[in-house]
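*Asks:* Just so it is clear, I am handing over coords-v4.cif, which has mmCIF, C-alpha atoms and all ligand atoms.
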data_upload
#
loop_
_atom_site.label_atom_id
_atom_site.label_comp_id
_atom_site.auth_asym_id
_atom_site.auth_seq_id
_atom_site.Cartn_x
_atom_site.Cartn_y
_atom_site.Cartn_z
CA THR A 1 3.35 -25.20 -5.02
CA LYS A 2 6.67 -23.51 -5.50
CA ASP A 3 7.42 -20.15 -3.85
CA ILE A 4 7.64 -17.16 -6.15
CA LEU A 5 10.75 -15.15 -5.31
CA ILE A 6 11.24 -11.69 -6.81
CA LEU A 7 14.62 -9.95 -6.78
CA ALA A 8 13.75 -6.25 -6.95
CA ILE A 9 15.95 -3.28 -7.77
CA GLU A 10 15.21 0.43 -7.19
CA SER A 11 17.47 3.33 -8.24
CA SER A 12 15.10 6.11 -9.37
CA CYS A 13 16.45 8.88 -7.15
CA ASP A 14 19.02 8.89 -4.35
CA GLU A 15 18.63 5.44 -2.79
CA THR A 16 20.25 2.34 -4.25
CA ALA A 17 18.05 -0.52 -3.09
CA ALA A 18 17.52 -4.25 -3.59
CA SER A 19 15.13 -6.70 -1.98
CA VAL A 20 13.98 -10.29 -2.15
CA VAL A 21 10.20 -10.72 -1.82
CA LYS A 22 8.51 -14.10 -1.32
CA ASN A 23 5.01 -14.74 -2.67
CA GLY A 24 4.19 -11.05 -2.91
CA ARG A 25 4.01 -9.98 0.70
CA THR A 26 6.88 -11.53 2.63
CA ILE A 27 10.06 -9.46 2.66
CA LEU A 28 13.11 -11.72 2.95
CA SER A 29 15.55 -8.82 2.66
CA ASN A 30 15.39 -5.05 2.16
CA VAL A 31 18.77 -3.41 1.58
CA ILE A 32 19.01 0.37 1.10
CA SER A 33 22.17 2.35 0.44
CA SER A 34 21.37 6.02 0.92
CA GLN A 35 23.25 8.82 -0.83
CA ILE A 36 21.86 11.50 1.48
CA ASP A 37 25.25 12.33 3.00
CA THR A 38 26.77 12.80 -0.45
CA HIS A 39 24.02 15.19 -1.61
CA THR A 40 23.63 17.14 1.65
CA ALA A 41 26.62 19.34 0.79
CA TYR A 42 24.75 20.53 -2.33
CA GLY A 43 21.39 21.07 -0.59
CA GLY A 44 19.59 18.58 -2.83
CA VAL A 45 20.01 15.64 -5.17
CA VAL A 46 22.56 16.22 -7.94
CA PRO A 47 21.50 13.87 -10.79
CA GLU A 48 24.97 13.23 -12.22
CA ILE A 49 26.35 12.37 -8.78
CA ALA A 50 23.34 10.16 -8.07
CA SER A 51 24.06 8.05 -11.18
CA ARG A 52 27.68 7.57 -10.20
CA GLU A 53 26.80 6.63 -6.64
CA HIS A 54 24.28 4.05 -7.91
CA ILE A 55 26.99 2.47 -10.06
CA LYS A 56 29.31 2.24 -7.07
CA ALA A 57 26.71 0.70 -4.77
CA ILE A 58 24.45 -1.48 -6.88
CA ASN A 59 26.39 -4.75 -7.12
CA TYR A 60 27.09 -4.79 -3.42
CA VAL A 61 23.48 -3.94 -2.54
CA ILE A 62 22.13 -6.77 -4.69
CA GLU A 63 24.63 -9.25 -3.28
CA ARG A 64 23.62 -8.24 0.25
CA ALA A 65 19.92 -8.62 -0.57
CA LEU A 66 20.47 -12.18 -1.81
CA THR A 67 22.73 -13.08 1.12
CA GLU A 68 20.35 -11.69 3.76
CA ALA A 69 17.47 -13.58 2.15
CA ALA A 70 19.63 -16.72 2.21
CA VAL A 71 18.98 -17.42 -1.46
CA THR A 72 21.04 -17.53 -4.63
CA LEU A 73 20.20 -16.14 -8.03
CA ALA A 74 19.20 -19.63 -9.12
CA ASP A 75 16.34 -19.60 -6.57
CA ILE A 76 14.91 -16.32 -7.95
CA THR A 77 11.75 -16.56 -10.08
CA ALA A 78 11.90 -13.14 -11.74
CA ILE A 79 13.71 -9.77 -11.62
CA GLY A 80 11.70 -6.61 -10.97
CA VAL A 81 13.11 -3.12 -11.56
CA THR A 82 11.88 0.47 -11.39
CA TYR A 83 11.97 1.92 -14.93
CA GLY A 84 10.24 5.26 -14.21
CA PRO A 85 9.43 7.90 -13.24
CA GLY A 86 12.65 9.36 -11.83
CA LEU A 87 16.06 10.69 -12.80
CA VAL A 88 16.95 9.18 -16.17
CA GLY A 89 20.62 8.48 -15.37
CA ALA A 90 19.73 7.01 -11.99
CA LEU A 91 16.99 4.81 -13.44
CA LEU A 92 19.32 3.57 -16.21
CA VAL A 93 21.75 2.09 -13.69
CA GLY A 94 19.03 -0.12 -12.18
CA VAL A 95 17.47 -1.01 -15.52
CA ALA A 96 20.81 -1.97 -17.11
CA GLU A 97 21.73 -4.03 -14.05
CA ALA A 98 18.38 -5.83 -13.98
CA LYS A 99 18.56 -6.60 -17.69
CA ALA A 100 22.09 -7.96 -17.38
CA ILE A 101 21.18 -10.21 -14.43
CA ALA A 102 17.93 -11.40 -16.00
CA TYR A 103 19.64 -12.16 -19.31
CA ALA A 104 22.59 -13.96 -17.75
CA ALA A 105 20.47 -15.98 -15.32
CA GLN A 106 17.67 -16.51 -17.86
CA LYS A 107 14.96 -15.06 -15.64
CA PRO A 108 11.87 -13.07 -16.62
CA LEU A 109 12.27 -9.28 -16.40
CA ILE A 110 9.49 -7.04 -15.08
CA GLY A 111 9.63 -3.25 -15.36
CA VAL A 112 7.82 -1.61 -12.45
CA HIS A 113 6.24 1.83 -12.16
CA HIS A 114 7.79 3.57 -9.15
CA ILE A 115 4.46 4.96 -7.95
CA GLU A 116 2.79 1.57 -8.24
CA GLY A 117 5.61 0.43 -5.97
CA HIS A 118 4.80 3.11 -3.40
CA VAL A 119 1.13 2.07 -3.35
CA SER A 120 2.12 -1.61 -3.08
CA ALA A 121 4.15 -0.88 0.07
CA ASN A 122 0.80 -1.02 1.86
CA PHE A 123 0.48 -4.75 1.11
CA ILE A 124 3.63 -5.64 3.07
CA GLU A 125 2.35 -5.18 6.61
CA ASN A 126 -1.40 -5.13 5.96
CA LYS A 127 -1.77 -8.77 4.96
CA ASP A 128 -5.56 -8.49 4.62
CA LEU A 129 -5.56 -5.33 2.47
CA GLU A 130 -6.86 -5.95 -1.03
CA PRO A 131 -8.16 -3.63 -3.76
CA PRO A 132 -10.35 -1.72 -4.21
CA PHE A 133 -9.38 1.16 -1.94
CA VAL A 134 -8.56 4.88 -2.06
CA CYS A 135 -4.87 5.79 -1.89
CA LEU A 136 -3.22 9.15 -1.30
CA ILE A 137 0.24 9.12 -2.89
CA VAL A 138 2.52 11.85 -1.56
CA SER A 139 6.19 11.78 -2.48
CA GLY A 140 8.93 14.17 -3.52
CA GLY A 141 7.72 14.27 -7.11
CA HIS A 142 4.08 13.19 -6.92
CA THR A 143 0.83 14.06 -5.23
CA HIS A 144 -1.99 11.86 -6.49
CA LEU A 145 -5.32 10.77 -5.15
CA VAL A 146 -6.21 7.46 -6.78
CA ILE A 147 -8.64 4.62 -6.58
CA VAL A 148 -6.74 1.35 -6.61
CA LYS A 149 -9.29 -0.71 -8.55
CA ASP A 150 -7.17 -3.83 -8.72
CA TYR A 151 -3.49 -4.74 -8.44
CA GLY A 152 -1.70 -2.45 -10.88
CA GLU A 153 -4.93 -0.74 -11.93
CA PHE A 154 -5.47 2.88 -10.93
CA GLU A 155 -8.01 5.58 -11.54
CA ILE A 156 -6.54 9.01 -10.85
CA ILE A 157 -9.16 11.29 -9.33
CA GLY A 158 -6.93 14.13 -8.09
CA ARG A 159 -3.43 15.51 -8.53
CA THR A 160 -1.35 18.53 -7.67
CA ARG A 161 -1.56 21.49 -10.02
CA ASP A 162 1.92 22.72 -9.10
CA ASP A 163 4.37 21.47 -6.44
CA ALA A 164 4.30 17.96 -5.03
CA ALA A 165 3.73 17.75 -1.28
CA GLY A 166 7.28 16.55 -0.60
CA GLU A 167 8.68 19.26 -2.83
CA ALA A 168 6.85 21.88 -0.72
CA PHE A 169 8.36 20.38 2.45
CA ASP A 170 11.83 20.45 0.90
CA LYS A 171 11.55 24.05 -0.36
CA VAL A 172 10.20 25.39 2.94
CA ALA A 173 12.91 23.53 4.86
CA ARG A 174 15.58 25.07 2.68
CA ALA A 175 14.10 28.60 3.00
CA VAL A 176 13.99 28.40 6.77
CA GLY A 177 17.49 26.94 7.03
CA LEU A 178 16.60 23.40 8.09
CA GLY A 179 18.47 21.93 5.13
CA TYR A 180 18.10 18.75 3.12
CA PRO A 181 16.22 16.43 3.22
CA GLY A 182 13.47 18.79 4.24
CA GLY A 183 10.49 16.59 5.07
CA PRO A 184 11.87 14.76 8.11
CA LYS A 185 13.45 18.00 9.43
CA VAL A 186 10.20 19.98 9.21
CA ASP A 187 8.39 17.01 10.80
CA ARG A 188 10.83 17.02 13.73
CA ALA A 189 10.87 20.83 14.18
CA ALA A 190 7.05 20.95 14.06
CA LYS A 191 6.80 18.72 17.13
CA GLU A 192 8.05 21.65 19.25
CA GLY A 193 5.82 24.24 17.55
CA ASN A 194 2.24 25.50 17.58
CA PRO A 195 0.37 24.52 14.39
CA HIS A 196 -2.01 27.48 14.84
CA ALA A 197 0.72 30.10 15.45
CA ILE A 198 0.71 31.40 11.86
CA GLU A 199 -2.36 31.43 9.62
CA PHE A 200 -1.18 30.05 6.26
CA PRO A 201 -3.59 29.55 3.33
CA ARG A 202 -5.07 26.17 2.35
CA GLY A 203 -4.52 25.65 -1.36
CA LYS A 204 -7.78 25.09 -3.23
CA VAL A 205 -8.39 24.46 -6.91
CA ALA A 206 -11.67 25.89 -8.18
CA ASP A 207 -14.16 23.26 -9.38
CA SER A 208 -11.67 20.41 -8.73
CA PRO A 209 -12.40 19.16 -5.21
CA TYR A 210 -9.75 16.42 -5.40
CA ASP A 211 -6.88 18.47 -6.83
CA PHE A 212 -4.09 19.97 -4.73
CA SER A 213 -2.10 23.19 -4.92
CA PHE A 214 0.88 24.01 -2.75
CA SER A 215 2.52 26.92 -4.58
CA GLY A 216 0.33 29.53 -2.84
CA LEU A 217 1.25 28.09 0.54
CA LYS A 218 4.91 28.01 -0.41
CA SER A 219 4.78 31.68 -1.48
CA ALA A 220 3.02 32.62 1.76
CA VAL A 221 5.77 30.94 3.77
CA LEU A 222 8.51 32.66 1.72
CA ASN A 223 6.75 36.03 2.11
CA TYR A 224 6.51 35.46 5.84
CA ILE A 225 10.25 34.73 6.03
CA ASN A 226 11.21 37.72 3.86
CA HIS A 227 8.99 40.03 5.87
CA ALA A 228 10.55 38.86 9.12
CA LYS A 229 14.04 39.37 7.67
CA MET A 230 13.17 42.90 6.56
CA THR A 231 11.67 43.96 9.87
CA GLY A 232 14.31 42.14 11.87
CA GLU A 233 11.75 39.99 13.64
CA GLU A 234 12.98 36.65 14.83
CA ILE A 235 11.34 33.62 13.20
CA CYS A 236 10.20 30.84 15.48
CA VAL A 237 11.17 27.89 13.27
CA PRO A 238 9.11 25.27 15.16
CA ASP A 239 5.97 27.46 14.91
CA LEU A 240 6.55 28.09 11.22
CA ALA A 241 7.21 24.40 10.55
CA ALA A 242 4.12 23.31 12.50
CA SER A 243 1.87 25.92 10.85
CA PHE A 244 3.09 25.07 7.34
CA GLN A 245 2.77 21.35 8.01
CA ASN A 246 -0.72 21.85 9.42
CA SER A 247 -1.83 23.52 6.19
CA VAL A 248 -0.41 20.71 4.02
CA VAL A 249 -1.89 17.98 6.22
CA ASP A 250 -5.27 19.73 6.23
CA SER A 251 -5.35 19.82 2.42
CA LEU A 252 -4.27 16.20 2.09
CA VAL A 253 -6.60 14.74 4.72
CA SER A 254 -9.72 16.69 3.73
CA ARG A 255 -9.50 15.61 0.08
CA ALA A 256 -8.65 11.98 0.83
CA ILE A 257 -11.57 11.66 3.24
CA LEU A 258 -13.92 13.40 0.80
CA ALA A 259 -12.84 10.97 -1.95
CA ALA A 260 -13.42 7.90 0.23
CA LYS A 261 -16.89 9.14 1.21
CA GLU A 262 -18.01 10.38 -2.22
CA TYR A 263 -16.73 7.31 -4.09
CA GLY A 264 -17.98 5.00 -1.36
CA TYR A 265 -14.85 3.20 -0.16
CA GLN A 266 -14.30 2.20 3.46
CA LYS A 267 -10.56 1.65 2.99
CA LEU A 268 -8.01 4.44 2.69
CA ALA A 269 -4.23 4.02 2.33
CA ILE A 270 -1.34 6.47 2.11
CA ALA A 271 1.94 6.02 0.26
CA GLY A 272 5.21 7.78 -0.60
CA GLY A 273 7.88 9.57 1.43
CA VAL A 274 5.49 12.16 2.91
CA ALA A 275 3.28 9.32 4.17
CA SER A 276 5.90 8.88 6.91
CA ASN A 277 5.03 12.36 8.24
CA THR A 278 3.88 11.92 11.83
CA ALA A 279 1.26 14.70 11.72
CA LEU A 280 -0.27 13.39 8.50
CA ARG A 281 -0.52 9.88 9.96
CA ALA A 282 -2.07 11.11 13.22
CA VAL A 283 -4.61 13.47 11.63
CA MET A 284 -5.58 10.94 8.92
CA GLU A 285 -5.99 8.21 11.53
CA GLU A 286 -8.33 10.43 13.54
CA ALA A 287 -10.34 11.54 10.50
CA CYS A 288 -10.73 7.95 9.29
CA LYS A 289 -11.91 6.83 12.71
CA LYS A 290 -14.50 9.62 12.77
CA ASN A 291 -15.81 8.58 9.35
CA GLY A 292 -15.81 4.81 9.81
CA ILE A 293 -12.98 4.29 7.33
CA SER A 294 -10.17 1.73 7.83
CA PHE A 295 -6.81 3.48 7.58
CA TYR A 296 -3.75 1.73 6.13
CA HIS A 297 -0.16 2.97 6.00
CA PRO A 298 3.26 1.39 5.55
CA SER A 299 5.95 1.67 8.24
CA PRO A 300 8.20 4.70 7.57
CA VAL A 301 10.97 2.51 6.09
CA PHE A 302 8.52 1.30 3.42
CA CYS A 303 7.16 4.85 2.77
CA THR A 304 10.41 6.34 1.51
CA ASP A 305 12.14 4.79 -1.50
CA ASN A 306 12.96 1.09 -1.11
CA ALA A 307 13.08 -2.03 -3.27
CA ALA A 308 10.71 -4.18 -1.19
CA MET A 309 7.74 -2.19 -2.50
CA ILE A 310 9.03 -2.69 -6.06
CA GLY A 311 9.24 -6.44 -5.40
CA VAL A 312 5.62 -6.51 -4.19
CA ALA A 313 4.41 -4.63 -7.28
CA ALA A 314 6.54 -6.88 -9.53
CA TYR A 315 4.98 -9.98 -7.97
CA TYR A 316 1.44 -8.86 -8.81
CA GLU A 317 2.55 -7.92 -12.35
CA TYR A 318 4.26 -11.32 -12.65
CA ILE A 319 1.17 -13.34 -11.70
CA ARG A 320 -0.88 -11.18 -14.08
CA GLY A 321 1.51 -12.29 -16.83
CA LYS A 322 3.43 -9.08 -17.44
CA ARG A 323 6.94 -9.49 -18.87
CA SER A 324 9.29 -6.81 -20.13
CA GLY A 325 11.53 -7.23 -23.17
CA TRP A 326 15.28 -6.72 -23.46
CA ASP A 327 14.45 -3.30 -24.88
CA LEU A 328 13.16 -2.12 -21.48
CA ASN A 329 14.34 1.46 -21.10
CA ALA A 330 14.27 4.13 -18.40
CA VAL A 331 11.24 6.42 -18.77
CA PRO A 332 11.88 9.51 -16.61
CA ASN A 333 8.35 10.95 -16.99
CA LEU A 334 6.41 7.66 -16.97
CA LYS A 335 2.69 8.27 -16.37
CA LEU A 336 0.58 6.33 -13.88
O1 LIG B 401 8.89 8.68 -1.94
P1 LIG B 401 10.16 9.38 -1.71
O2 LIG B 401 11.19 8.73 -0.83
O3 LIG B 401 10.87 9.71 -3.06
C1 LIG B 401 10.16 10.06 -4.20
O4 LIG B 401 9.68 9.14 -4.91
O5 LIG B 401 9.98 11.29 -4.39
O6 LIG B 401 9.78 10.81 -1.13
C2 LIG B 401 10.73 11.74 -0.77
C3 LIG B 401 10.02 12.96 -0.23
C4 LIG B 401 10.95 14.13 0.04
O7 LIG B 401 10.38 15.30 -0.49
C5 LIG B 401 11.00 14.17 1.56
O8 LIG B 401 11.25 15.47 2.06
C6 LIG B 401 9.62 13.68 1.92
O9 LIG B 401 9.36 12.64 1.01
N1 LIG B 401 9.55 13.17 3.30
C7 LIG B 401 8.79 13.72 4.26
C8 LIG B 401 9.05 12.98 5.44
N2 LIG B 401 9.94 12.00 5.15
C9 LIG B 401 10.24 12.14 3.83
N3 LIG B 401 7.92 14.75 4.23
C10 LIG B 401 7.31 15.08 5.38
N4 LIG B 401 7.51 14.44 6.55
C11 LIG B 401 8.36 13.39 6.63
N5 LIG B 401 8.55 12.77 7.80
ZN ZN B 402 9.58 7.41 -4.31
#
Mind turning the file's structure into structure tokens?
Ligand code: KG4
Ligand code: ZN
*Replies:*
Amino acid sequence: TKDILILAIESSCDETAASVVKNGRTILSNVISSQIDTHTAYGGVVPEIASREHIKAINYVIERALTEAAVTLADITAIGVTYGPGLVGALLVGVAEAKAIAYAAQKPLIGVHHIEGHVSANFIENKDLEPPFVCLIVSGGHTHLVIVKDYGEFEIIGRTRDDAAGEAFDKVARAVGLGYPGGPKVDRAAKEGNPHAIEFPRGKVADSPYDFSFSGLKSAVLNYINHAKMTGEEICVPDLAASFQNSVVDSLVSRAILAAKEYGYQKLAIAGGVASNTALRAVMEEACKKNGISFYHPSPVFCTDNAAMIGVAAYYEYIRGKRSGWDLNAVPNLKL
């Protein structure tokens, strides 16, 4: 039988990315053009600038993805593209590009949910992983605990009531002067610190054992910093980073493990940018081992935004018969 080749495009936030994926799980190319250097000067992603940077990069990124995969557009079976959630102007660049290519080359078009992409990143390196399993999705904009019932089929059992996990990392990093992007910087600083140095609260949501809350923790960290500034005490950044991170990881791991046990799944995966956090991976690994659960995670490069994961998700949508029309539009607040 003929190989199914997906050309995938991702532009929902600050990475312009394209990838060619063969038969769902083989990545022939994975090209990412990051805008981080452009946004660093502003301390965060500036939406208008993100859109412009996507426009500058996208044609080149797609050309590179095809070249590195040693294929031409004619070889491609279908075009997959992230259409939400994300920054509307950023998403529009990818969606317009995908529509133009699909129309000109007469290929099927498949709109992909960004979060479904993150979950699908787990299929790339774990060739034997198949639904159903529990997945903890932790990114800059999302914190969801889901049961992946089938490809593209999710039951949400928990979510954050306020900040997303990645958002908490980014805000704490900014407050303590580590800068943008916060997650990797807190992760690195925490390696030199004591996770038990400062007692920060664990966010709990009454009567919702699978929901998350990080705003209380964030306030506690900000209060700690303000208090130190007022009294002139010096802040040990590694200790603060490690203690904050320990609280987040504790909340994430305890709920994910509880979900796997209560719902009766022996497979647990993590996804999204925060899934590349070294402490989260280590603690989750340990907890899974203790509870007889198989732990799955993508390599860091497939945790943060990339197009390979979008290609994997698009493949499973394609074989399920999903096709998008020429009216496909960016949906910034697309629900899972
Ligand atoms: O999935 P992602 O690349 O983009 C979204 O869809 O949001 O996630 C980005 C988020 C940012 O908040 C970033 O600070 C966080 O993931 N992040 C990390 C790490 N690497 C990225 N958070 C903690 N530790 C990390 N190593
Ligand atoms: Zn993402």
*Asks:* What do you get as number ranges by chain if you pick all residues at most 10 Å from ligand ZN 402 (chain B), counting only C-alpha atoms and all ligand atoms?
*Replies:* A: 10-15, 85-86, 114-118, 137-142, 271-274, 302-306, 309
*Asks:* Counting all atoms listed in the file, which residue out of A:Ala189, A:Ala98, A:Leu268, A:Ile147 sits closest to Trp326 (chain A)?
*Replies:*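 Checking each of A:Ala189, A:Ala98, A:Leu268, A:Ile147 against Trp326 (chain A), counting all atoms listed in the file, the winner is A:Ala98.
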*Asks:* Determine the nearest neighbour of Ala57 (chain A) from the options A:Lys204, A:Val93, A:Glu199, A:Lys22, counting only C-alpha atoms.
*Replies:*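 Distance minimum relative to Ala57 (chain A) lands on A:Val93.
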*Asks:* Leaving out Val253 (chain A) and any residue of its chain fewer than 5 positions from it, which residues lie within 8 Å of it when counting all atoms listed in the file, given as JSON, numbers by chain?
*Replies:* {"A": [280, 283, 284, 287]}
*Asks:* Every residue with an atom at most 12 Å from (-8.7, 21.0, -7.8) (file coordinates; all atoms listed in the file) is what I'm after, so could you write them as a PyMOL selection string?
*Replies:* chain A and resi 144-145+157-162+202-214+251-252+255
*Asks:* So how many Å separate CA of Ser120 (chain A) and CA of Ala313 (chain A), to one decimal?
*Replies:*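 These two atoms are separated by 5.7 Å.
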*Asks:* Considering only C-alpha atoms and all ligand atoms, state which residue in the set A:Ser219, A:Asn226, A:Thr16, A:Ser294 is at the smallest distance from ligand LIG 401 (chain B).
*Replies:*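 Answer, going by the shortest atom-to-atom distance: A:Thr16.
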*Asks:* Using only C-alpha atoms, can you tell me which of A:Phe169, A:Phe154, A:Phe244, A:Phe295 comes closest to Asn126 (chain A)?
*Replies:*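 Looking at the shortest contact to Asn126 (chain A), the residue is A:Phe295.
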*Asks:* Looking at A:Glu53, A:Asp75, A:Asp170, A:Asp150, which one is nearest to ligand LIG 401 (chain B), with distances taken over all atoms listed in the file?
*Replies:*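 The closest residue to ligand LIG 401 (chain B) is A:Asp170.
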*Asks:* Need to verify the contact set: region 102-113 of chain A, 7 Å, all atoms listed in the file, exclusion of same-chain residues closer than 4 positions in sequence. Can you return it as JSON, numbers by chain?
*Replies:* {"A": [77, 78, 79, 80, 81, 82, 83, 84, 85, 98, 117, 310, 313, 314, 322, 323, 324]}
*Asks:* Could the residues in this selection be written to a file with C-alpha atoms, as a JSON list (two decimals), in the frame of the given file?
*Replies:*
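Listed below is the output, selection_39.json:
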[["chain", "number", "residue", "atom", "x", "y", "z"],
["A", 77, "THR", "CA", 11.75, -16.56, -10.08],
["A", 78, "ALA", "CA", 11.90, -13.14, -11.74],
["A", 79, "ILE", "CA", 13.71, -9.77, -11.62],
["A", 80, "GLY", "CA", 11.70, -6.61, -10.97],
["A", 81, "VAL", "CA", 13.11, -3.12, -11.56],
["A", 82, "THR", "CA", 11.88, 0.47, -11.39],
["A", 83, "TYR", "CA", 11.97, 1.92, -14.93],
["A", 84, "GLY", "CA", 10.24, 5.26, -14.21],
["A", 85, "PRO", "CA", 9.43, 7.90, -13.24],
["A", 98, "ALA", "CA", 18.38, -5.83, -13.98],
["A", 117, "GLY", "CA", 5.61, 0.43, -5.97],
["A", 310, "ILE", "CA", 9.03, -2.69, -6.06],
["A", 313, "ALA", "CA", 4.41, -4.63, -7.28],
["A", 314, "ALA", "CA", 6.54, -6.88, -9.53],
["A", 322, "LYS", "CA", 3.43, -9.08, -17.44],
["A", 323, "ARG", "CA", 6.94, -9.49, -18.87],
["A", 324, "SER", "CA", 9.29, -6.81, -20.13]]
*Asks:* Box for ligand LIG 401 (chain B) - axis-aligned, 3 Å on each of the six sides, all listed atoms - centre and size in Å to one decimal, as lines of an AutoDock Vina configuration file.
*Replies:*
center_x = 9.3
center_y = 12.1
center_z = 1.4
size_x = 9.9
size_y = 12.8
size_z = 18.7
*Asks:* For the atom pair CA of Tyr296 (chain A) and CA of Lys267 (chain A), what is the interatomic distance in Å to one decimal place?
*Replies:*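 The value is 7.5 Å.
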*Asks:* With only C-alpha atoms as the counted atoms, please give the residues lying no more than 7 Å from Ala18 (chain A), apart from itself and same-chain residues fewer than 5 positions off, as a PyMOL selection string.
*Replies:* chain A and resi 8-10+30-32+61-62+65+307
*Asks:* Residues as selected, C-alpha atoms, written as an mmCIF file, in the frame of the given file, can you do that?
*Replies:*
data_model
loop_
_atom_site.group_PDB
_atom_site.id
_atom_site.type_symbol
_atom_site.label_atom_id
_atom_site.label_comp_id
_atom_site.auth_asym_id
_atom_site.auth_seq_id
_atom_site.Cartn_x
_atom_site.Cartn_y
_atom_site.Cartn_z
ATOM 1 C CA ALA A 8 13.750 -6.250 -6.950
ATOM 2 C CA ILE A 9 15.950 -3.280 -7.770
ATOM 3 C CA GLU A 10 15.210 0.430 -7.190
ATOM 4 C CA ASN A 30 15.390 -5.050 2.160
ATOM 5 C CA VAL A 31 18.770 -3.410 1.580
ATOM 6 C CA ILE A 32 19.010 0.370 1.100
ATOM 7 C CA VAL A 61 23.480 -3.940 -2.540
ATOM 8 C CA ILE A 62 22.130 -6.770 -4.690
ATOM 9 C CA ALA A 65 19.920 -8.620 -0.570
ATOM 10 C CA ALA A 307 13.080 -2.030 -3.270
#
*Asks:* CA of Ala168 (chain A) and CA of Ser254 (chain A), how far apart in Å?
*Replies:*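 We find that CA of Ser254 (chain A) and CA of Ala168 (chain A) lie 17.9 Å from each other.
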*Asks:* Looking at A:Lys191, A:His196, A:Arg174, A:Lys185, which one is nearest to ligand LIG 401 (chain B), with distances taken over all atoms listed in the file?
*Replies:*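 Result for the nearest residue to ligand LIG 401 (chain B): A:Lys185.
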*Asks:* Near region 177-184 of chain A, counting all atoms listed in the file, which residues have an atom at most 10 Å away, once you skip same-chain residues fewer than 3 positions from it, shown as a PDB file with C-alpha atoms, keeping the file's coordinate frame?
*Replies:*
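Dumped everything to around-v2.pdb:
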ATOM      1  CA  ILE A  36      21.860  11.500   1.480  1.00  0.00           C
ATOM      2  CA  ASP A  37      25.250  12.330   3.000  1.00  0.00           C
ATOM      3  CA  HIS A  39      24.020  15.190  -1.610  1.00  0.00           C
ATOM      4  CA  THR A  40      23.630  17.140   1.650  1.00  0.00           C
ATOM      5  CA  ALA A  41      26.620  19.340   0.790  1.00  0.00           C
ATOM      6  CA  TYR A  42      24.750  20.530  -2.330  1.00  0.00           C
ATOM      7  CA  GLY A  43      21.390  21.070  -0.590  1.00  0.00           C
ATOM      8  CA  GLY A  44      19.590  18.580  -2.830  1.00  0.00           C
ATOM      9  CA  VAL A  45      20.010  15.640  -5.170  1.00  0.00           C
ATOM     10  CA  SER A 139       6.190  11.780  -2.480  1.00  0.00           C
ATOM     11  CA  GLY A 140       8.930  14.170  -3.520  1.00  0.00           C
ATOM     12  CA  ALA A 165       3.730  17.750  -1.280  1.00  0.00           C
ATOM     13  CA  GLY A 166       7.280  16.550  -0.600  1.00  0.00           C
ATOM     14  CA  GLU A 167       8.680  19.260  -2.830  1.00  0.00           C
ATOM     15  CA  ALA A 168       6.850  21.880  -0.720  1.00  0.00           C
ATOM     16  CA  PHE A 169       8.360  20.380   2.450  1.00  0.00           C
ATOM     17  CA  ASP A 170      11.830  20.450   0.900  1.00  0.00           C
ATOM     18  CA  LYS A 171      11.550  24.050  -0.360  1.00  0.00           C
ATOM     19  CA  VAL A 172      10.200  25.390   2.940  1.00  0.00           C
ATOM     20  CA  ALA A 173      12.910  23.530   4.860  1.00  0.00           C
ATOM     21  CA  ARG A 174      15.580  25.070   2.680  1.00  0.00           C
ATOM     22  CA  ASP A 187       8.390  17.010  10.800  1.00  0.00           C
ATOM     23  CA  ARG A 188      10.830  17.020  13.730  1.00  0.00           C
ATOM     24  CA  ALA A 189      10.870  20.830  14.180  1.00  0.00           C
ATOM     25  CA  ALA A 190       7.050  20.950  14.060  1.00  0.00           C
ATOM     26  CA  VAL A 237      11.170  27.890  13.270  1.00  0.00           C
ATOM     27  CA  ALA A 241       7.210  24.400  10.550  1.00  0.00           C
ATOM     28  CA  GLN A 245       2.770  21.350   8.010  1.00  0.00           C
ATOM     29  CA  GLY A 273       7.880   9.570   1.430  1.00  0.00           C
ATOM     30  CA  VAL A 274       5.490  12.160   2.910  1.00  0.00           C
ATOM     31  CA  SER A 276       5.900   8.880   6.910  1.00  0.00           C
ATOM     32  CA  ASN A 277       5.030  12.360   8.240  1.00  0.00           C
ATOM     33  CA  THR A 278       3.880  11.920  11.830  1.00  0.00           C
TER      34      THR A 278
END
*Asks:* Missing atoms in region 218-223 of chain A should be modelled up to N, CA and C atoms and reported as a short mmCIF file (atom, residue, chain, number, x, y, z; two decimals), in the coordinates of the input.
*Replies:*
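Below is the file out28.cif, written as the result:
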data_model
loop_
_atom_site.label_atom_id
_atom_site.label_comp_id
_atom_site.auth_asym_id
_atom_site.auth_seq_id
_atom_site.Cartn_x
_atom_site.Cartn_y
_atom_site.Cartn_z
N LYS A 218 3.46 27.81 -0.37
CA LYS A 218 4.91 28.01 -0.41
C LYS A 218 5.26 29.50 -0.49
N SER A 219 4.55 30.24 -1.36
CA SER A 219 4.78 31.68 -1.48
C SER A 219 4.47 32.40 -0.17
N ALA A 220 3.40 31.99 0.49
CA ALA A 220 3.02 32.62 1.76
C ALA A 220 4.11 32.42 2.81
N VAL A 221 4.69 31.22 2.82
CA VAL A 221 5.77 30.94 3.77
C VAL A 221 6.99 31.79 3.43
N LEU A 222 7.34 31.86 2.14
CA LEU A 222 8.51 32.66 1.72
C LEU A 222 8.30 34.14 2.03
N ASN A 223 7.07 34.63 1.79
CA ASN A 223 6.75 36.03 2.11
C ASN A 223 6.91 36.29 3.60
#
